[in-house]
Amino acid sequence: MKKLIVILFLLFSFFLPAQNVVINEVLYDPVGSDGGYEWIELYNNSDEGVNLALWRLVKAGSEFETVFFFDLFAFNYISPHSYFLIGEEFVPNCDLTETLAFQNGGSETDGIRLISPDTLYTDTVLYDSPNTNNLPDDLSNPGIYFAVDVVGGNTLARKHDGEDTDNSETDFFECEIPTPGSANIYPVDLAIYELEIAWNNDEYWLQTEIVNLSTENVDNYEATLEITINSATYGIFELPAIPASSSVPFACNLGTFTENYVIVECLLYYLYDNQLDNNFVITSILIDSSPIVLNEIFFKPQSTNQEWLELFNRSSCAYLVDNWRIIDASGGEISFSGFLGADDFLVVCQDTILMMQIYPNIDPNKIIQSDSWTSLNNTTETLVLQDGFAAVFDSVFYDGNNCPADYSLERVNPFEDENIEWLVCLDSLGTPSFHNSVLPIAKDLELEFVEIREENGEIYHKIKITNIGLENIISVDFTCFQWQMDENPAVEIYADEITIDDDLEIVFSTNLPDVGYYEFEYFVDSEEDLNEANNSDCSFWDCNGLPFVINEIMYAPQNEMPEWLEIKFNLGISDMTEFFLVVDEDTLQIDYPASETEFMLVTNSWSDIDTLQSVYSLENIPIICGLTSLSNNGEQLALLDECGNLIESFCFSPDWNDAMPGISIERVNSCLTATENNWGPSVSECTPGVENSIFVQVLPPKMKLSVDPNPFSPYRGEHTIFSFKLPEVISRMTLRIFDLKGRMLRKLVNQELQASTGNIVWDGKGDNGKNLPIGVYVVLMEAASYESEKVYKKKITVVIGK
């Protein structure tokens, strides 16, 4: 009874509508896809379900032949507006698994056909040409319309699921993104190219055009256009139908803007658009005066510097300046991208690293490296500032004939758009990322250190505060901090609220600090001050702190080598700008090194610098010239800091190295004063730019001598090392090897100058150059103090093995 009911149901289902079941997508050449397995997708485009029992799928090469029948008793039911996936083994998510083996096209027409049980309905797809085998389609015999033969791995898919015109050429396309069991994706390309912002009836209007570059219509409201203004969404608008290979205009009222500079973006959305790079367009509007102007031009650098330009944002809104450019009169471009904060500066240069080296006080966030650069003229030039959409923000014509090298031209008032004036910067190297030196700021305080001195056991400070703005600031807060270099944090030692008129000199005293080197930092503060860059200054005070010292002296070189002095920096002083070296009555001003360095050499000439760098490999050690000739009979030397504090003063003597030519005088310890006992001859001839050969932190209390390894075998090519420590800074040393009968077999060291510590290597050979026999040997070291001639002796044994 149950079987009869099933048969009656199946027979009844044969009479259900079937003409809307179609071949929707097929993978007949699965090279590189799904592991090499074919599949075919059917689609029911009707409102009623269809039972596929006894339906037949056929394929054709030379003629149509059956692939398989749908089983009468299997439940192969396809729901309304649904997909039915048939695939070979291992194709995932199949509704039915069958062996398919479709024809792969290639040289002539192939086909696939779906046939209803009563054969009254067929759906046929023919692909590739020519149709030499006269295969029929659903309209004609032979068929005359053919789908393309797809590349291996791509599918043959309907443009629109279930829509069938019985024309394989127009119904199907080659699909690069297969979608088995789901909706087909037909490639459509919508584009938007130009954007126009127009002023009309006291409002801004956006006008553009949407282009359909494909052969497929886009239905009403399927595509949308999003408009953003200064990165905020203004609106999303549904677009009307866009016919194939056609376009539709679009207009939108944007109203008015409060900002001076507006960036408008349009983004086109369409679900099936497969070419997105033409879906975006952007433009800008400059309303009234420009928020960003050219503010400083550095066009005539010395060979060690570079050209640069400075932009100033005179508005309260920050801006991205991506793809901006500065164009000169010849059409050359300086292009750049970056961020320019509100009421702030941005410096455009070719090399940000070089910029930071020459201008270490610049905030690195206010410097950008250009993408391209064109050289600026040193005489006359016209520059135009444009954003990435060719909107002109500023232009300037300058005459650089009267501008000295390494000086900039500054805009006198960047807030003024009429009677614009440019002047030569008051400061060498310009003022990149800071307010221009010629700018008349409304309210501006300047603090300047004047003097520091000791009097009656106290330190007296003199500071000058000046109103240099257009309007005076009356009430200010003044503070002084004291900092012992490299030790304690800064401590506030003086504070006062001060009333000033045009300017005021302040004199105040503080306690005399303990031994050490100190920096005093002075600050003036007022909420009315519009420029804080000049609100601080500093001074220094020395209480036997030895922040930097003369560490080595080469006064009698040999072999045409130059004279030189070595300065060692015991402390890092970031705020110091200069110091002074005095040789007899000659004073040399020296720039304090900007980078952290331990040593600096001072010699006579540029050629001497080249010689020292070449001979001693001193490429990373700063060397300056200007040293006057040193007397072989000794010379008075002194160091002073920029505040005039005497760091040290002494007279070196040739007795400190027994007047040996080609041997430098070295300081034993740079943290101790320059007395005669703290100097001696180098035991390595000289040590420029490295630790002195006689450097001693603490002398040992007695002589020590050790040997390692012990025993050792010269017969296996081994060596041993004698390590020594002496309670003298410099000694004349002798080291000899004896056998147990007291016969001297080797003199390793003979009256040579040695530092307080060192090592001596022995190869196990005697003075005759031959290996000594296996056995025990006595090692005798004798050292006579270089200063006192006190003699030290030490004896140990060493064993030579096999």
# chains A, B, ... in the order shown; residues from 1 in each chain; ligands from 1
call {"tool": "select_by_dssp", "arguments": {"residues": "region 475-599 of chain A", "states": "strand (DSSP E)", "output": "ChimeraX atom specification"}}
result
/A:475-484,491-499,503-511,516-525,536-543,548-554,564-569,578-583,586-591,599
call {"tool": "residues_around", "arguments": {"residues": "region 226-241 of chain A", "least_positions_apart": "5", "cutoff": "10 Å", "atoms": "only C-alpha atoms", "output": "ChimeraX atom specification"}}
result
/A:206,210,217-221,247-250,252,254,257,259,261-269,280-282,284,319
call {"tool": "write_last_selection", "arguments": {"atoms": "N, CA, C and O atoms", "output": "short mmCIF file (atom, residue, chain, number, x, y, z; two decimals), in the first residue's frame"}}
result
data_model
loop_
_atom_site.label_atom_id
_atom_site.label_comp_id
_atom_site.auth_asym_id
_atom_site.auth_seq_id
_atom_site.Cartn_x
_atom_site.Cartn_y
_atom_site.Cartn_z
N LEU A 206 26.93 69.53 -4.95
CA LEU A 206 27.82 68.50 -5.47
C LEU A 206 27.23 67.95 -6.76
O LEU A 206 26.02 67.62 -6.80
N ILE A 210 27.51 58.90 -12.61
CA ILE A 210 27.77 57.49 -12.36
C ILE A 210 27.73 56.77 -13.71
O ILE A 210 26.72 56.85 -14.43
N ASN A 217 22.49 45.85 -17.04
CA ASN A 217 21.76 46.93 -16.38
C ASN A 217 21.87 46.80 -14.86
O ASN A 217 21.92 45.69 -14.32
N VAL A 218 21.90 47.93 -14.18
CA VAL A 218 21.85 47.96 -12.72
C VAL A 218 20.48 48.51 -12.33
O VAL A 218 20.10 49.62 -12.73
N ASP A 219 19.74 47.73 -11.57
CA ASP A 219 18.37 48.09 -11.26
C ASP A 219 18.28 49.26 -10.31
O ASP A 219 19.25 49.62 -9.62
N ASN A 220 17.07 49.79 -10.25
CA ASN A 220 16.79 50.94 -9.39
C ASN A 220 17.09 50.61 -7.92
O ASN A 220 16.71 49.55 -7.41
N TYR A 221 17.80 51.52 -7.25
CA TYR A 221 18.11 51.45 -5.81
C TYR A 221 19.08 50.34 -5.43
O TYR A 221 19.28 50.08 -4.25
N SER A 247 25.15 56.11 -18.42
CA SER A 247 25.48 56.84 -17.20
C SER A 247 24.26 57.61 -16.73
O SER A 247 23.32 57.86 -17.50
N VAL A 248 24.27 57.99 -15.43
CA VAL A 248 23.21 58.82 -14.87
C VAL A 248 23.86 59.95 -14.09
O VAL A 248 24.87 59.76 -13.42
N PRO A 249 23.29 61.16 -14.16
CA PRO A 249 23.84 62.27 -13.38
C PRO A 249 23.39 62.19 -11.93
O PRO A 249 22.37 61.56 -11.61
N PHE A 250 24.16 62.83 -11.05
CA PHE A 250 23.80 62.89 -9.63
C PHE A 250 24.14 64.28 -9.12
O PHE A 250 25.23 64.81 -9.39
N CYS A 252 23.59 66.92 -5.47
CA CYS A 252 23.23 66.92 -4.05
C CYS A 252 23.54 68.29 -3.46
O CYS A 252 24.61 68.86 -3.72
N LEU A 254 24.85 70.49 -0.61
CA LEU A 254 25.73 70.35 0.56
C LEU A 254 25.56 71.46 1.57
O LEU A 254 26.14 71.41 2.65
N PHE A 257 29.45 75.72 4.76
CA PHE A 257 30.48 75.13 5.62
C PHE A 257 31.02 76.19 6.58
O PHE A 257 31.12 77.38 6.24
N GLU A 259 34.09 75.51 8.08
CA GLU A 259 35.54 75.41 7.94
C GLU A 259 36.01 76.13 6.67
O GLU A 259 35.27 76.25 5.69
N TYR A 261 38.57 74.99 4.89
CA TYR A 261 39.07 73.96 3.97
C TYR A 261 38.23 72.71 4.15
O TYR A 261 38.13 72.16 5.25
N VAL A 262 37.59 72.28 3.06
CA VAL A 262 36.66 71.14 3.13
C VAL A 262 37.10 70.09 2.11
O VAL A 262 37.37 70.42 0.95
N ILE A 263 37.14 68.84 2.55
CA ILE A 263 37.44 67.72 1.66
C ILE A 263 36.17 66.89 1.52
O ILE A 263 35.60 66.42 2.51
N VAL A 264 35.71 66.73 0.27
CA VAL A 264 34.50 65.98 -0.02
C VAL A 264 34.88 64.70 -0.73
O VAL A 264 35.63 64.72 -1.72
N GLU A 265 34.34 63.57 -0.24
CA GLU A 265 34.63 62.26 -0.82
C GLU A 265 33.32 61.58 -1.21
O GLU A 265 32.32 61.68 -0.50
N CYS A 266 33.33 60.89 -2.34
CA CYS A 266 32.19 60.09 -2.79
C CYS A 266 32.64 58.64 -2.97
O CYS A 266 33.63 58.39 -3.67
N LEU A 267 31.90 57.72 -2.36
CA LEU A 267 32.22 56.30 -2.45
C LEU A 267 31.00 55.57 -3.01
O LEU A 267 29.91 55.64 -2.44
N LEU A 268 31.19 54.87 -4.14
CA LEU A 268 30.12 54.17 -4.85
C LEU A 268 30.07 52.72 -4.38
O LEU A 268 31.09 52.02 -4.38
N TYR A 269 28.87 52.27 -3.97
CA TYR A 269 28.68 50.90 -3.49
C TYR A 269 27.74 50.15 -4.45
O TYR A 269 26.66 50.65 -4.77
N PHE A 280 35.73 55.51 -6.29
CA PHE A 280 36.02 56.52 -5.27
C PHE A 280 36.55 57.78 -5.95
O PHE A 280 37.38 57.72 -6.86
N VAL A 281 36.04 58.94 -5.52
CA VAL A 281 36.51 60.21 -6.05
C VAL A 281 36.52 61.22 -4.90
O VAL A 281 35.69 61.14 -3.98
N ILE A 282 37.46 62.14 -4.94
CA ILE A 282 37.64 63.08 -3.84
C ILE A 282 38.07 64.43 -4.41
O ILE A 282 38.77 64.49 -5.43
N SER A 284 38.50 68.94 -3.10
CA SER A 284 38.58 69.86 -1.97
C SER A 284 37.99 71.21 -2.35
O SER A 284 37.89 71.57 -3.52
N TYR A 319 45.06 69.25 9.88
CA TYR A 319 44.82 68.78 8.52
C TYR A 319 45.83 67.71 8.13
O TYR A 319 47.01 67.79 8.52
#
call {"tool": "residues_around", "arguments": {"residues": "region 51-56 of chain A", "least_positions_apart": "5", "cutoff": "7 Å", "atoms": "only C-alpha atoms", "output": "count of residues only"}}
result
13
call {"tool": "closest_residue", "arguments": {"among": "A:Glu296, A:Glu666, A:Asp542, A:Glu418", "to": "Ile567 (chain A)", "atoms": "only C-alpha atoms"}}
result
A:Glu666
call {"tool": "residues_around", "arguments": {"residues": "Asp166 (chain A)", "least_positions_apart": "4", "cutoff": "8 Å", "atoms": "only C-alpha atoms", "output": "list in words"}}
result
Asp123, Thr124, Asp137, Asp138, Leu139 and Asp171 of chain A
call {"tool": "write_last_selection", "arguments": {"atoms": "C-alpha atoms", "output": "tab-separated table (two decimals), in the first residue's frame"}}
result
chain	number	residue	atom	x	y	z
A	123	ASP	CA	17.13	23.23	-20.99
A	124	THR	CA	20.28	23.21	-23.09
A	137	ASP	CA	19.67	23.90	-28.61
A	138	ASP	CA	16.19	24.69	-27.21
A	139	LEU	CA	15.21	26.93	-30.14
A	171	ASP	CA	22.45	33.84	-20.82
call {"tool": "closest_residue", "arguments": {"among": "A:Phe599, A:Phe548, A:Trp324, A:Phe724", "to": "Pro700 (chain A)", "atoms": "only C-alpha atoms"}}
result
A:Phe724
call {"tool": "closest_atom_pairs", "arguments": {"of": "region 443-487 of chain A", "to": "region 506-529 of chain A", "cutoff": "8 Å", "atoms": "only C-alpha atoms", "output": "CSV"}}
result
residue,atom,partner,partner_atom,distance
A:Lys443,CA,A:Asp529,CA,5.4
A:Asp444,CA,A:Asp529,CA,5.1
A:Leu445,CA,A:Asp529,CA,6.3
A:Leu447,CA,A:Val524,CA,6.8
A:Phe449,CA,A:Tyr522,CA,8.0
A:Glu454,CA,A:Leu512,CA,7.9
A:Gly457,CA,A:Leu512,CA,6.3
A:Glu458,CA,A:Leu512,CA,5.0
A:Ile459,CA,A:Thr510,CA,5.3
A:Tyr460,CA,A:Ser509,CA,4.3
A:His461,CA,A:Phe508,CA,5.5
A:Lys462,CA,A:Val507,CA,4.5
A:Ile463,CA,A:Ile506,CA,5.1
A:Lys464,CA,A:Ile506,CA,6.1
A:Ile465,CA,A:Ile506,CA,7.8
A:Ile473,CA,A:Glu528,CA,6.9
A:Ser475,CA,A:Ser526,CA,7.4
A:Val476,CA,A:Ser526,CA,5.3
A:Asp477,CA,A:Asp525,CA,5.2
A:Phe478,CA,A:Val524,CA,4.6
A:Thr479,CA,A:Phe523,CA,5.2
A:Cys480,CA,A:Tyr522,CA,4.6
A:Phe481,CA,A:Glu521,CA,5.1
A:Gln482,CA,A:Phe520,CA,4.7
A:Trp483,CA,A:Glu519,CA,5.2
A:Gln484,CA,A:Tyr518,CA,4.5
A:Met485,CA,A:Tyr518,CA,5.6
call {"tool": "write_last_selection", "arguments": {"atoms": "N, CA, C and O atoms", "output": "mmCIF file, in the first residue's frame"}}
result
data_model
loop_
_atom_site.group_PDB
_atom_site.id
_atom_site.type_symbol
_atom_site.label_atom_id
_atom_site.label_comp_id
_atom_site.auth_asym_id
_atom_site.auth_seq_id
_atom_site.Cartn_x
_atom_site.Cartn_y
_atom_site.Cartn_z
ATOM 1 N N LYS A 443 51.902 88.862 22.482
ATOM 2 C CA LYS A 443 52.457 88.867 23.834
ATOM 3 C C LYS A 443 53.534 87.797 23.919
ATOM 4 O O LYS A 443 53.263 86.629 23.658
ATOM 5 N N ASP A 444 54.722 88.234 24.293
ATOM 6 C CA ASP A 444 55.854 87.299 24.272
ATOM 7 C C ASP A 444 56.899 87.727 25.289
ATOM 8 O O ASP A 444 57.381 88.868 25.270
ATOM 9 N N LEU A 445 57.242 86.819 26.207
ATOM 10 C CA LEU A 445 58.293 87.046 27.194
ATOM 11 C C LEU A 445 59.573 86.348 26.761
ATOM 12 O O LEU A 445 59.535 85.249 26.207
ATOM 13 N N LEU A 447 63.388 85.224 28.386
ATOM 14 C CA LEU A 447 64.268 85.121 29.560
ATOM 15 C C LEU A 447 65.688 84.895 29.085
ATOM 16 O O LEU A 447 65.925 84.073 28.192
ATOM 17 N N PHE A 449 69.796 84.447 30.612
ATOM 18 C CA PHE A 449 70.802 84.396 31.677
ATOM 19 C C PHE A 449 71.855 85.473 31.429
ATOM 20 O O PHE A 449 72.329 85.643 30.306
ATOM 21 N N GLU A 454 80.169 83.912 42.640
ATOM 22 C CA GLU A 454 80.194 83.583 44.066
ATOM 23 C C GLU A 454 80.540 84.838 44.865
ATOM 24 O O GLU A 454 81.455 85.595 44.500
ATOM 25 N N GLY A 457 80.216 83.426 50.164
ATOM 26 C CA GLY A 457 79.770 82.067 50.431
ATOM 27 C C GLY A 457 78.434 81.716 49.811
ATOM 28 O O GLY A 457 77.851 80.672 50.153
ATOM 29 N N GLU A 458 77.915 82.539 48.903
ATOM 30 C CA GLU A 458 76.663 82.251 48.206
ATOM 31 C C GLU A 458 76.850 82.443 46.706
ATOM 32 O O GLU A 458 77.791 83.087 46.259
ATOM 33 N N ILE A 459 75.930 81.859 45.967
ATOM 34 C CA ILE A 459 75.944 82.041 44.513
ATOM 35 C C ILE A 459 74.894 83.092 44.151
ATOM 36 O O ILE A 459 73.725 82.980 44.566
ATOM 37 N N TYR A 460 75.322 84.086 43.380
ATOM 38 C CA TYR A 460 74.413 85.138 42.928
ATOM 39 C C TYR A 460 74.110 84.936 41.437
ATOM 40 O O TYR A 460 75.013 84.756 40.622
ATOM 41 N N HIS A 461 72.823 84.965 41.125
ATOM 42 C CA HIS A 461 72.350 84.774 39.759
ATOM 43 C C HIS A 461 71.754 86.091 39.256
ATOM 44 O O HIS A 461 70.981 86.735 39.984
ATOM 45 N N LYS A 462 72.083 86.465 38.019
ATOM 46 C CA LYS A 462 71.455 87.641 37.399
ATOM 47 C C LYS A 462 70.730 87.172 36.135
ATOM 48 O O LYS A 462 71.345 86.587 35.242
ATOM 49 N N ILE A 463 69.426 87.465 36.083
ATOM 50 C CA ILE A 463 68.566 87.039 34.985
ATOM 51 C C ILE A 463 67.832 88.265 34.448
ATOM 52 O O ILE A 463 67.423 89.143 35.219
ATOM 53 N N LYS A 464 67.625 88.321 33.139
ATOM 54 C CA LYS A 464 66.872 89.416 32.533
ATOM 55 C C LYS A 464 65.620 88.864 31.868
ATOM 56 O O LYS A 464 65.682 87.910 31.078
ATOM 57 N N ILE A 465 64.464 89.464 32.196
ATOM 58 C CA ILE A 465 63.184 89.102 31.585
ATOM 59 C C ILE A 465 62.698 90.307 30.797
ATOM 60 O O ILE A 465 62.631 91.421 31.324
ATOM 61 N N ILE A 473 53.253 91.888 29.146
ATOM 62 C CA ILE A 473 52.725 91.002 30.178
ATOM 63 C C ILE A 473 53.233 91.535 31.504
ATOM 64 O O ILE A 473 54.450 91.726 31.692
ATOM 65 N N SER A 475 52.371 90.444 35.022
ATOM 66 C CA SER A 475 52.623 89.538 36.137
ATOM 67 C C SER A 475 53.124 88.197 35.618
ATOM 68 O O SER A 475 52.481 87.590 34.738
ATOM 69 N N VAL A 476 54.258 87.735 36.158
ATOM 70 C CA VAL A 476 54.854 86.469 35.720
ATOM 71 C C VAL A 476 55.317 85.674 36.938
ATOM 72 O O VAL A 476 55.558 86.233 38.005
ATOM 73 N N ASP A 477 55.447 84.374 36.751
ATOM 74 C CA ASP A 477 56.024 83.484 37.769
ATOM 75 C C ASP A 477 57.435 83.113 37.344
ATOM 76 O O ASP A 477 57.669 82.699 36.198
ATOM 77 N N PHE A 478 58.390 83.246 38.281
ATOM 78 C CA PHE A 478 59.783 82.919 37.998
ATOM 79 C C PHE A 478 60.220 81.784 38.919
ATOM 80 O O PHE A 478 59.926 81.772 40.117
ATOM 81 N N THR A 479 60.957 80.794 38.341
ATOM 82 C CA THR A 479 61.403 79.631 39.105
ATOM 83 C C THR A 479 62.831 79.287 38.702
ATOM 84 O O THR A 479 63.199 79.405 37.530
ATOM 85 N N CYS A 480 63.619 78.832 39.701
ATOM 86 C CA CYS A 480 64.985 78.356 39.444
ATOM 87 C C CYS A 480 65.121 76.953 40.023
ATOM 88 O O CYS A 480 64.725 76.688 41.163
ATOM 89 N N PHE A 481 65.686 76.043 39.193
ATOM 90 C CA PHE A 481 65.956 74.665 39.619
ATOM 91 C C PHE A 481 67.462 74.417 39.609
ATOM 92 O O PHE A 481 68.197 74.961 38.767
ATOM 93 N N GLN A 482 67.921 73.589 40.552
ATOM 94 C CA GLN A 482 69.335 73.188 40.623
ATOM 95 C C GLN A 482 69.433 71.690 40.376
ATOM 96 O O GLN A 482 68.656 70.906 40.911
ATOM 97 N N TRP A 483 70.415 71.308 39.540
ATOM 98 C CA TRP A 483 70.591 69.896 39.194
ATOM 99 C C TRP A 483 72.061 69.553 39.231
ATOM 100 O O TRP A 483 72.868 70.154 38.521
ATOM 101 N N GLN A 484 72.423 68.600 40.101
ATOM 102 C CA GLN A 484 73.795 68.095 40.120
ATOM 103 C C GLN A 484 73.913 67.066 39.011
ATOM 104 O O GLN A 484 73.221 66.060 38.994
ATOM 105 N N MET A 485 74.810 67.327 38.053
ATOM 106 C CA MET A 485 74.859 66.545 36.822
ATOM 107 C C MET A 485 75.075 65.065 37.102
ATOM 108 O O MET A 485 75.947 64.689 37.903
#
